[in-house]
Structure formats: structure tokens, C-alpha cells
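Novice: Here it is: the structure, laid out below.
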Amino acid sequence: MRESTRQQIQAELNQLEAQIKAIEAEGDYFLQAWVSSSKPSERKQTYPRVQSRLPQFGGKKVRHIRQDESVADWVAMCDRGQKIGRLVKRREQLAARLD
């Protein structure tokens with residue numbers, strides 16, 4: 001690999017690290033999580049919940065959002081987690097190219 005290519009990849013890795021730290025500084029986040037609505041059986045109304053592929057909510061993969069909590073806050077946390085996940089994946093790909 002050329003030295004100039006190695007420097008470009010290293011510069012992009014540094015930029016990704018800075019982006020990840022900036023997003024982490026914005027607040028809490030949940031990796032691989034999303035907000036969905038659920039309708040329990042025999043009830044007419046739906047309610048929001050956060051689902052995840054990882055057990056992040058006290059060892060569980062689903063957390064129901066209470067009425068006094070803001071759904072927008074949970075959506076923002078999930079969005080931050082998804083952004084961080086994409087950046088980490090890209091960082092790993094670039095690190096593999098350097099090795």
C-alpha cells in the first residue's frame with residue numbers, strides 16, 4: 001500500500017473517531033434499537049415501545065415507553081445509536097484495510 005493511501009485512510013479514521021465522540025457527547029444512545037408501536041390483545045389503543053437486538057434495558061430487549069416520557073427523546077437516542085453503529089462499522093473496515 002502506498003504511503004499516501006495509508007495517510008488518507010488514517011486521516012479518515014481520525015475523522016470517524018471525532019464524529020463518534022461528537023455523537024456520544026450529545027447524550028445517551030442505544031445500539032441496534034428502534035421505536036415501534038404495540039397493540040396488546042383485546043385493547044383498542046396502541047402504545048410505543050423501544051425494541052433492540054441486544055439486551056440493553058435491564059437485561060431485556062423491549063422497553064415500554066410510559067406516558068410521561070417523550071417518544072421523541074427515545075427516537076433521538078435510537079437514531080444516535082444507529083449513526084454510531086454505522087460509523088463504527090466503517091471504522092472497522094478502514095482499520096482492516098490498514099492491516
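Scheme for the C-alpha cells: letters A, B, ... for chains in order shown; per-chain residue numbers from 1; ligand numbers from 1 in order shown.
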Skip Arg6 in chain A itself and residues of its chain fewer than 2 positions away, then list as a count of residues only all residues within 12 Å of it, counting only C-alpha atoms.
Specialist: 16
Novice: Rank A:Ile23, A:Ala76, A:Val71, A:Ala33 by their smallest atom-to-atom distance to Gln56 in chain A, using only C-alpha atoms, and report the top residue only.
Specialist: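 Once distances to Gln56 in chain A are computed over only C-alpha atoms, the minimum belongs to A:Ala33.
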Novice: Determine, counting only C-alpha atoms, which protein, DNA and RNA residues have an atom within 12 Å of an atom of Lys60 in chain A; residues of the same chain fewer than 6 positions away are not included. Present the result as an NGL selection string.
Specialist: :A and (33 or 50-54)
Novice: Just N, CA and C atoms for this one: save the residues we selected as an mmCIF file, in the first residue's frame.
Specialist:
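Below you can see out_21.cif, which holds the result:
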data_model
loop_
_atom_site.group_PDB
_atom_site.id
_atom_site.type_symbol
_atom_site.label_atom_id
_atom_site.label_comp_id
_atom_site.auth_asym_id
_atom_site.auth_seq_id
_atom_site.Cartn_x
_atom_site.Cartn_y
_atom_site.Cartn_z
ATOM 1 N N ALA A 33 -31.344 -0.424 18.087
ATOM 2 C CA ALA A 33 -32.650 -0.255 18.727
ATOM 3 C C ALA A 33 -33.526 0.650 17.855
ATOM 4 N N VAL A 50 -39.702 0.574 22.836
ATOM 5 C CA VAL A 50 -38.380 0.535 22.231
ATOM 6 C C VAL A 50 -37.962 -0.920 22.163
ATOM 7 N N GLN A 51 -37.551 -1.362 20.985
ATOM 8 C CA GLN A 51 -37.092 -2.728 20.794
ATOM 9 C C GLN A 51 -35.616 -2.702 20.420
ATOM 10 N N SER A 52 -34.917 -3.777 20.750
ATOM 11 C CA SER A 52 -33.497 -3.853 20.470
ATOM 12 C C SER A 52 -33.108 -5.289 20.150
ATOM 13 N N ARG A 53 -32.027 -5.434 19.413
ATOM 14 C CA ARG A 53 -31.490 -6.770 19.169
ATOM 15 C C ARG A 53 -30.583 -7.207 20.309
ATOM 16 N N LEU A 54 -30.178 -6.247 21.137
ATOM 17 C CA LEU A 54 -29.303 -6.522 22.274
ATOM 18 C C LEU A 54 -30.074 -6.305 23.575
#
Novice: Can you list, as a ChimeraX atom specification, every protein, DNA or RNA residue that comes within 10 Å of Val35 in chain A when you count only C-alpha atoms, leaving out same-chain residues fewer than 2 positions away?
Specialist: /A:33,37-38,48-52,62-65,71-72,74-79
Novice: Excluding Arg86 in chain A and residues on its chain fewer than 2 positions from it, collect all residues at most 12 Å away from it, counting only C-alpha atoms, and give them as a PyMOL selection string.
Specialist: chain A and resi 16+19-20+23+31-32+79-84+88-93
Novice: Any chance you can output those residues with N, CA and C atoms as a short mmCIF file (atom, residue, chain, number, x, y, z; two decimals), in the first residue's frame?
Specialist:
data_model
loop_
_atom_site.label_atom_id
_atom_site.label_comp_id
_atom_site.auth_asym_id
_atom_site.auth_seq_id
_atom_site.Cartn_x
_atom_site.Cartn_y
_atom_site.Cartn_z
N LEU A 16 -13.50 9.83 11.60
CA LEU A 16 -14.58 8.98 12.12
C LEU A 16 -14.57 8.96 13.64
N GLN A 19 -16.16 12.10 14.87
CA GLN A 19 -17.61 12.08 14.68
C GLN A 19 -18.28 11.21 15.75
N ILE A 20 -17.68 10.07 16.04
CA ILE A 20 -18.25 9.17 17.05
C ILE A 20 -18.26 9.86 18.41
N ILE A 23 -21.03 12.52 18.59
CA ILE A 23 -22.38 11.95 18.75
C ILE A 23 -22.55 11.42 20.17
N LEU A 31 -27.63 1.05 20.80
CA LEU A 31 -27.21 0.40 19.57
C LEU A 31 -28.26 -0.62 19.14
N GLN A 32 -28.51 -0.70 17.87
CA GLN A 32 -29.43 -1.67 17.28
C GLN A 32 -30.81 -1.62 17.95
N ASP A 79 -31.71 6.94 17.12
CA ASP A 79 -31.05 7.48 15.92
C ASP A 79 -29.56 7.68 16.17
N ARG A 80 -29.21 8.20 17.35
CA ARG A 80 -27.79 8.36 17.68
C ARG A 80 -27.08 7.01 17.68
N GLY A 81 -27.73 6.01 18.23
CA GLY A 81 -27.14 4.67 18.25
C GLY A 81 -26.93 4.11 16.85
N GLN A 82 -27.88 4.36 15.95
CA GLN A 82 -27.74 3.87 14.59
C GLN A 82 -26.61 4.59 13.86
N LYS A 83 -26.47 5.90 14.09
CA LYS A 83 -25.36 6.64 13.48
C LYS A 83 -24.02 6.11 13.99
N ILE A 84 -23.94 5.91 15.29
CA ILE A 84 -22.69 5.41 15.87
C ILE A 84 -22.38 4.02 15.33
N VAL A 88 -18.93 3.10 13.43
CA VAL A 88 -18.04 2.07 13.98
C VAL A 88 -17.77 1.00 12.94
N LYS A 89 -18.80 0.63 12.19
CA LYS A 89 -18.61 -0.37 11.14
C LYS A 89 -17.64 0.13 10.08
N ARG A 90 -17.79 1.38 9.68
CA ARG A 90 -16.88 1.97 8.70
C ARG A 90 -15.46 2.04 9.25
N ARG A 91 -15.34 2.39 10.54
CA ARG A 91 -14.02 2.46 11.18
C ARG A 91 -13.34 1.09 11.15
N GLU A 92 -14.10 0.04 11.43
CA GLU A 92 -13.54 -1.31 11.41
C GLU A 92 -13.10 -1.71 10.01
N GLN A 93 -13.85 -1.31 9.00
CA GLN A 93 -13.48 -1.62 7.63
C GLN A 93 -12.16 -0.93 7.25
#
Novice: Do you have the CA of Ala18 in chain A-CA of Thr5 in chain A distance handy?
Specialist: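 Value for the CA of Ala18 in chain A-CA of Thr5 in chain A distance: 20.1 Å.
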